[in-house]
Structures are given as structure tokens and as C-alpha cells.
file final-v6.tsv (TSV, C-alpha atoms)
chain	number	residue	atom	x	y	z
A	25	MET	CA	95.80	109.91	174.30
A	26	ALA	CA	95.01	113.17	176.10
A	27	ASN	CA	91.97	113.51	178.34
A	28	ALA	CA	90.57	116.98	178.91
A	29	GLY	CA	89.77	118.55	182.24
A	30	LYS	CA	92.04	116.70	184.69
A	31	ALA	CA	95.28	118.60	185.00
A	32	SER	CA	94.71	122.25	185.86
A	33	SER	CA	95.76	121.94	189.50
A	34	LYS	CA	98.56	119.40	189.03
A	35	ALA	CA	101.00	120.96	186.56
A	36	GLY	CA	104.16	122.81	187.54
A	37	ALA	CA	105.10	126.44	187.06
A	38	PRO	CA	105.91	127.57	183.50
A	39	VAL	CA	109.58	127.24	182.53
A	40	THR	CA	111.96	128.45	179.82
A	41	VAL	CA	113.16	125.95	177.20
A	42	ILE	CA	116.69	126.05	175.81
A	43	GLU	CA	117.71	123.77	172.93
A	44	LEU	CA	121.43	123.54	172.16
A	45	PHE	CA	122.34	122.39	168.65
A	46	THR	CA	125.90	121.10	168.86
A	47	SER	CA	128.35	118.72	167.21
A	48	GLN	CA	131.33	116.67	168.28
A	49	GLY	CA	132.97	117.80	165.03
A	50	CYS	CA	132.71	121.51	165.86
A	51	SER	CA	135.73	123.07	167.59
A	52	SER	CA	133.58	125.93	168.96
A	53	CYS	CA	131.07	123.62	170.63
A	54	PRO	CA	132.77	122.24	173.78
A	55	THR	CA	132.47	125.63	175.50
A	56	ALA	CA	128.73	125.64	174.79
A	57	ASP	CA	128.37	122.02	175.91
A	58	ALA	CA	129.95	122.91	179.27
A	59	LEU	CA	127.87	126.08	179.61
A	60	LEU	CA	124.62	124.18	179.11
A	61	GLU	CA	125.17	122.39	182.44
A	62	SER	CA	124.60	125.65	184.33
A	63	TYR	CA	121.21	126.06	182.63
A	64	ALA	CA	120.34	122.38	183.03
A	65	ASN	CA	120.79	122.74	186.81
A	66	ARG	CA	118.24	125.57	187.06
A	67	PRO	CA	114.69	124.59	188.12
A	68	ASP	CA	113.15	127.33	185.95
A	69	ILE	CA	114.74	126.00	182.73
A	70	VAL	CA	114.45	122.84	180.65
A	71	ALA	CA	117.81	122.66	178.84
A	72	LEU	CA	118.33	120.06	176.10
A	73	THR	CA	121.25	119.03	173.90
A	74	LEU	CA	120.38	118.10	170.30
A	75	PRO	CA	123.50	116.90	168.43
A	76	VAL	CA	123.44	117.49	164.66
A	77	ASP	CA	125.03	115.39	161.93
A	78	TYR	CA	125.99	117.89	159.23
A	79	TRP	CA	129.62	118.26	160.37
A	80	ASP	CA	130.30	114.51	160.20
A	81	TYR	CA	132.13	114.91	156.88
A	82	LEU	CA	134.96	116.78	158.63
A	83	GLY	CA	136.50	113.54	159.84
A	84	TRP	CA	134.55	112.45	162.92
A	85	LYS	CA	131.04	110.99	162.91
A	86	ASP	CA	129.15	112.40	165.90
A	87	THR	CA	128.21	109.42	168.08
A	88	LEU	CA	125.07	111.12	169.45
A	89	ALA	CA	123.80	112.99	166.39
A	90	SER	CA	120.50	112.49	164.59
A	91	PRO	CA	119.32	113.88	161.25
A	92	LYS	CA	116.04	114.62	163.08
A	93	PHE	CA	117.83	117.31	165.10
A	94	SER	CA	119.49	118.81	162.03
A	95	ALA	CA	116.04	118.99	160.40
A	96	ARG	CA	114.58	120.58	163.55
A	97	GLN	CA	117.26	123.25	163.54
A	98	ARG	CA	116.64	124.02	159.85
A	99	ALA	CA	112.89	124.19	160.51
A	100	TYR	CA	113.49	126.85	163.16
A	101	ALA	CA	115.56	128.89	160.69
A	102	LYS	CA	112.81	128.59	158.08
A	103	THR	CA	110.10	129.64	160.54
A	104	ARG	CA	112.12	132.66	161.70
A	105	GLY	CA	112.92	133.49	158.08
A	106	ASP	CA	116.58	134.31	158.70
A	107	GLY	CA	118.17	131.06	157.46
A	108	ARG	CA	120.65	131.04	160.37
A	109	VAL	CA	121.86	127.48	161.00
A	110	TYR	CA	125.16	127.07	162.86
A	111	THR	CA	126.83	125.40	165.83
A	112	PRO	CA	126.78	125.99	168.68
A	113	GLN	CA	123.32	127.51	168.39
A	114	VAL	CA	120.73	127.83	171.13
A	115	ILE	CA	117.01	128.25	170.47
A	116	VAL	CA	115.05	129.81	173.34
A	117	ASN	CA	111.35	129.00	173.78
A	118	GLY	CA	111.18	128.09	170.09
A	119	LEU	CA	111.45	131.78	169.17
A	120	LYS	CA	114.95	133.30	169.23
A	121	HIS	CA	118.43	131.99	168.54
A	122	ALA	CA	121.66	132.82	170.34
A	123	VAL	CA	125.29	131.75	170.27
A	124	GLY	CA	125.39	128.68	172.49
A	125	SER	CA	128.76	129.52	174.04
A	126	SER	CA	127.68	132.97	175.27
A	127	ALA	CA	125.73	133.16	178.53
A	128	ALA	CA	125.10	136.85	177.88
A	129	ASP	CA	123.53	136.12	174.48
A	130	ILE	CA	121.41	133.30	175.88
A	131	ASP	CA	120.19	135.40	178.80
A	132	GLN	CA	119.36	138.23	176.41
A	133	ALA	CA	117.34	135.82	174.24
A	134	ILE	CA	115.47	134.56	177.31
A	135	ALA	CA	114.56	138.13	178.26
A	136	ALA	CA	113.60	139.00	174.69
A	137	THR	CA	111.13	136.10	174.39
A	138	LYS	CA	109.28	136.86	177.62
A	139	PRO	CA	106.87	139.52	176.28
A	140	THR	CA	105.77	137.14	173.53
A	141	ILE	CA	105.65	133.87	175.45
A	142	GLU	CA	104.49	134.88	178.95
A	143	PRO	CA	100.80	135.57	178.08
A	144	THR	CA	100.40	132.09	176.58
A	145	ARG	CA	102.66	129.94	178.76
A	146	ILE	CA	101.16	127.02	180.63
A	147	GLY	CA	102.25	124.74	183.45
A	148	VAL	CA	103.34	121.19	182.65
A	149	ALA	CA	104.27	118.36	185.03
A	150	VAL	CA	105.63	114.86	184.43
A	151	LYS	CA	106.20	112.06	186.92
A	152	SER	CA	106.81	108.31	187.04
A	153	VAL	CA	104.03	106.33	188.73
A	154	ASN	CA	103.61	102.54	188.81
A	155	ASP	CA	105.62	101.84	185.63
A	156	HIS	CA	103.95	104.70	183.77
A	157	VAL	CA	104.93	108.23	182.83
A	158	VAL	CA	102.08	110.57	183.71
A	159	ILE	CA	101.96	113.97	182.01
A	160	HIS	CA	99.75	116.86	183.20
A	161	VAL	CA	99.21	119.95	181.07
A	162	ASP	CA	97.38	123.04	182.33
A	163	ALA	CA	94.55	124.78	180.54
A	164	ALA	CA	95.45	127.87	178.53
A	165	PRO	CA	94.84	131.29	180.10
A	166	ASP	CA	92.40	131.86	177.25
A	167	ALA	CA	91.38	128.51	175.74
A	168	ALA	CA	89.49	130.15	172.89
A	169	LYS	CA	92.71	131.75	171.63
A	170	ALA	CA	95.10	128.92	172.50
A	171	GLY	CA	95.20	127.11	169.16
A	172	GLU	CA	96.52	123.58	168.76
A	173	ALA	CA	99.93	122.40	169.95
A	174	THR	CA	101.85	119.12	169.91
A	175	ILE	CA	102.86	117.44	173.16
A	176	TRP	CA	106.35	116.06	172.52
A	177	LEU	CA	108.25	113.49	174.56
A	178	ALA	CA	112.05	113.82	174.46
A	179	LEU	CA	113.93	110.86	175.90
A	180	ILE	CA	117.22	112.05	177.39
A	181	SER	CA	120.54	110.83	178.74
A	182	ARG	CA	121.35	113.22	181.55
A	183	ARG	CA	125.15	112.96	181.23
A	184	VAL	CA	127.21	111.48	178.42
A	185	GLU	CA	131.00	111.68	178.15
A	186	VAL	CA	132.52	111.16	174.71
A	187	LYS	CA	136.20	110.74	173.83
A	188	ILE	CA	136.62	112.27	170.39
A	189	LYS	CA	139.35	110.54	168.37
A	190	ARG	CA	139.36	112.48	165.10
A	191	GLY	CA	138.30	115.78	163.57
A	192	GLU	CA	138.52	119.30	164.99
A	193	ASN	CA	138.18	118.09	168.60
A	194	HIS	CA	140.69	115.25	168.26
A	195	GLY	CA	141.91	114.05	171.66
A	196	ARG	CA	139.26	115.87	173.67
A	197	SER	CA	136.85	114.29	176.13
A	198	VAL	CA	133.58	116.23	176.15
A	199	VAL	CA	130.67	115.92	178.59
A	200	TYR	CA	127.15	116.47	177.23
A	201	HIS	CA	124.09	117.21	179.38
A	202	ASN	CA	120.44	116.24	178.84
A	203	VAL	CA	121.21	114.68	175.47
A	204	VAL	CA	118.06	113.96	173.50
A	205	ARG	CA	118.06	110.35	172.30
A	206	GLU	CA	114.53	110.26	170.83
A	207	TRP	CA	111.90	112.88	170.06
A	208	MET	CA	108.30	111.74	169.54
A	209	PRO	CA	104.76	113.18	169.61
A	210	VAL	CA	102.54	111.72	172.34
A	211	GLY	CA	99.41	113.85	172.05
A	212	MET	CA	97.78	117.10	171.01
A	213	TRP	CA	96.72	120.01	173.20
A	214	ASN	CA	93.90	122.38	172.26
A	215	GLY	CA	93.85	124.74	175.23
A	216	ALA	CA	92.01	122.50	177.68
A	217	ALA	CA	93.70	120.86	180.66
A	218	ALA	CA	94.95	117.37	179.76
A	219	THR	CA	96.42	114.19	181.22
A	220	ILE	CA	98.46	111.61	179.28
A	221	LYS	CA	99.57	108.26	180.67
A	222	LEU	CA	102.33	106.26	178.92
A	223	ALA	CA	103.62	102.80	179.87
A	224	HIS	CA	107.36	102.66	180.57
A	225	HIS	CA	107.84	99.62	178.34
A	226	ALA	CA	106.35	101.48	175.38
A	227	ILE	CA	108.72	104.44	175.49
A	228	LYS	CA	111.85	103.68	177.54
A	229	GLN	CA	115.21	103.09	175.87
A	230	SER	CA	118.39	101.66	177.34
A	231	ASP	CA	120.35	104.83	176.58
A	232	ALA	CA	117.82	107.17	178.24
A	233	ASP	CA	117.50	107.82	181.97
A	234	GLY	CA	114.95	110.63	181.93
A	235	CYS	CA	112.64	112.60	179.70
A	236	ALA	CA	111.33	116.07	178.93
A	237	ILE	CA	107.85	117.12	177.85
A	238	ILE	CA	107.56	119.99	175.35
A	239	VAL	CA	104.27	121.63	174.31
A	240	GLN	CA	104.88	123.44	171.04
A	241	HIS	CA	102.85	125.10	168.31
A	242	GLY	CA	103.75	123.70	164.90
A	243	ASP	CA	106.99	121.86	164.16
A	244	ALA	CA	109.15	124.87	165.02
A	245	GLY	CA	106.89	127.42	166.66
A	246	PRO	CA	106.55	128.89	170.15
A	247	ILE	CA	107.02	126.49	173.07
A	248	VAL	CA	104.27	127.29	175.56
A	249	GLY	CA	105.00	124.64	178.21
A	250	ALA	CA	107.62	122.13	179.32
A	251	ALA	CA	108.73	119.91	182.19
A	252	MET	CA	111.58	117.55	182.99
A	253	LEU	CA	111.58	114.06	184.54
A	254	GLN	CA	115.10	113.63	185.85
A	255	GLN	CA	114.80	109.94	186.70
A	256	TRP	CA	112.38	107.13	185.87
call {"tool": "encode", "arguments": {"input": "final-v6.tsv", "output": "C-alpha cells"}}
result
Amino acid sequence: MANAGKASSKAGAPVTVIELFTSQGCSSCPTADALLESYANRPDIVALTLPVDYWDYLGWKDTLASPKFSARQRAYAKTRGDGRVYTPQVIVNGLKHAVGSSAADIDQAIAATKPTIEPTRIGVAVKSVNDHVVIHVDAAPDAAKAGEATIWLALISRRVEVKIKRGENHGRSVVYHNVVREWMPVGMWNGAAATIKLAHHAIKQSDADGCAIIVQHGDAGPIVGAAMLQQW
């Protein structure tokens, strides 16, 4: 549950969010998977890997994929209205897509989203305190125009190495970074500063060693705030 009025001075600086939709069955994806590490290491970016399942029929079932992520990628395409769903695909700040293996395309998408996202972006912070995850979300620059957004918790595995035995990447060992293992709503934000406190035992999973917080309008709209907890 979110409590208003307690977080305006505690949240971190606004960051860019990059979501990489990838698949172990896609021969074009390992380059993008490696490239994501450079973005994941930047303090001004929350970079996430969301493995999709729609290439499983090619001969190798992706060991990290979830139909939730495939649905999220399709929702972005529907919201944009262009129908573009492919791998490797990066979505920047919930607004623009880019080829996930091209740093130039990703950087161009980051720059292109700034005029739209900067006026509404907010600071978010997340930390682990006494067996709880504590989330702080800033107030909107203009609360009256902020609208409602979902506060999402993404449980992540920071590094996962997979040996692929069949399919297009047969024989390859691929390292994935900030792999999302679960994606769940933990509160709503209406423009006022907010604090959310979650018990570790209620949200932690054995295959997750960190988490990200995403504040997003709609299911596939603009992402106005985010933060990363690298370690519990």
C-alpha cells in the first residue's frame, strides 16, 4: 500500500528504462544480450532483459522465457500502433523501440524520448531495510496533471549463463543480464509522493537476487520513474 507525502526528499534522480525482448532461440539475439551489459552498468539507466517464448517452436524452449513478457511486448506494439514485434527489440522509456543489437539505434531512441518524458519524469528509490524492501516515489512536477500510474516490482537475476543445446544458437553459451523473473504490481501512484514497504518473505524468490521498480502509465505507456536494487 502506498502512503502519500513521505518520499519527496528520498527518491533518486530520474533514470532511463531499457527493456530488451530477447530469446534463446533467436540467432540475432546474443549480440543484443551482450550489449545490454554496457547499459546495465550505467547508473543513469535501468536495463532489463525480458525473454519471450514465441520462438520456442524452432527447436529450443527458452529456459528463462515467460508468456507475460511476450504479452508485454505485444501490448507495446498495440499502444504504438505500428505492430512491430521482433527480437532482439529494445523499448526505451515505454515509448520507442529500437533494434536491441545496435547501440546507435538505442542511443537514438533514448534521445528521441527525452522531449516527451523529461517534463513528467520523477525520482524513485528502492532499498533493503530490516528484511523489507522500501520504495520511495517522488511527487510529480505538476500533480494535477500527473494522472495515475502503476508501481511495478520486477524481480531480477543479475547474471544468468545458459548453455543452449538445440535450435539456432545450438552449442552457444550466452550470458543474460538483469533477467526479469517476475513482474508484479505493488501499488498505484497518483502524482503525490509515496512510500511502499514490502516484506522480503512476501516477494523474494530463490532465482532472484535483486529487483527493479518501474512507475508506468497504463500497461504499456510512458515510464515516468524507475530504480534498481542490485542486492537484497
call {"tool": "residues_around", "arguments": {"input": "final-v6.tsv", "residues": "range 84-99 of chain A", "least_positions_apart": "2", "cutoff": "9 Å", "atoms": "only C-alpha atoms", "output": "ChimeraX atom specification"}}
result
/A:45-49,74-82,101-104,107-110,113,115,186,188-194,203-207,243-244
call {"tool": "closest_residue", "arguments": {"input": "final-v6.tsv", "among": "A:Arg183, A:His201, A:Thr174, A:Gly36", "to": "Ser62 in chain A", "atoms": "only C-alpha atoms"}}
result
A:His201
call {"tool": "residues_around", "arguments": {"input": "final-v6.tsv", "residues": "Tyr63 in chain A", "least_positions_apart": "4", "cutoff": "10 Å", "atoms": "all atoms listed in the file", "output": "PyMOL selection string"}}
result
chain A and resi 40-42+58-59+67-72+127+130+201
call {"tool": "axis_aligned_box", "arguments": {"input": "final-v6.tsv", "around": "range 230-246 of chain A", "padding_each_side": "5 Å", "output": "JSON"}}
result
{"center_x": 111.6, "center_y": 115.3, "center_z": 173.1, "size_x": 27.5, "size_y": 37.2, "size_z": 27.8}
call {"tool": "closest_residue", "arguments": {"input": "final-v6.tsv", "among": "A:Leu179, A:Trp256, A:Pro38, A:Arg66", "to": "Pro143 in chain A", "atoms": "only C-alpha atoms"}}
result
A:Pro38
call {"tool": "atom_distance", "arguments": {"input": "final-v6.tsv", "atom1": "CA of Ala250 in chain A", "atom2": "CA of Thr55 in chain A"}}
result
25.4 Å
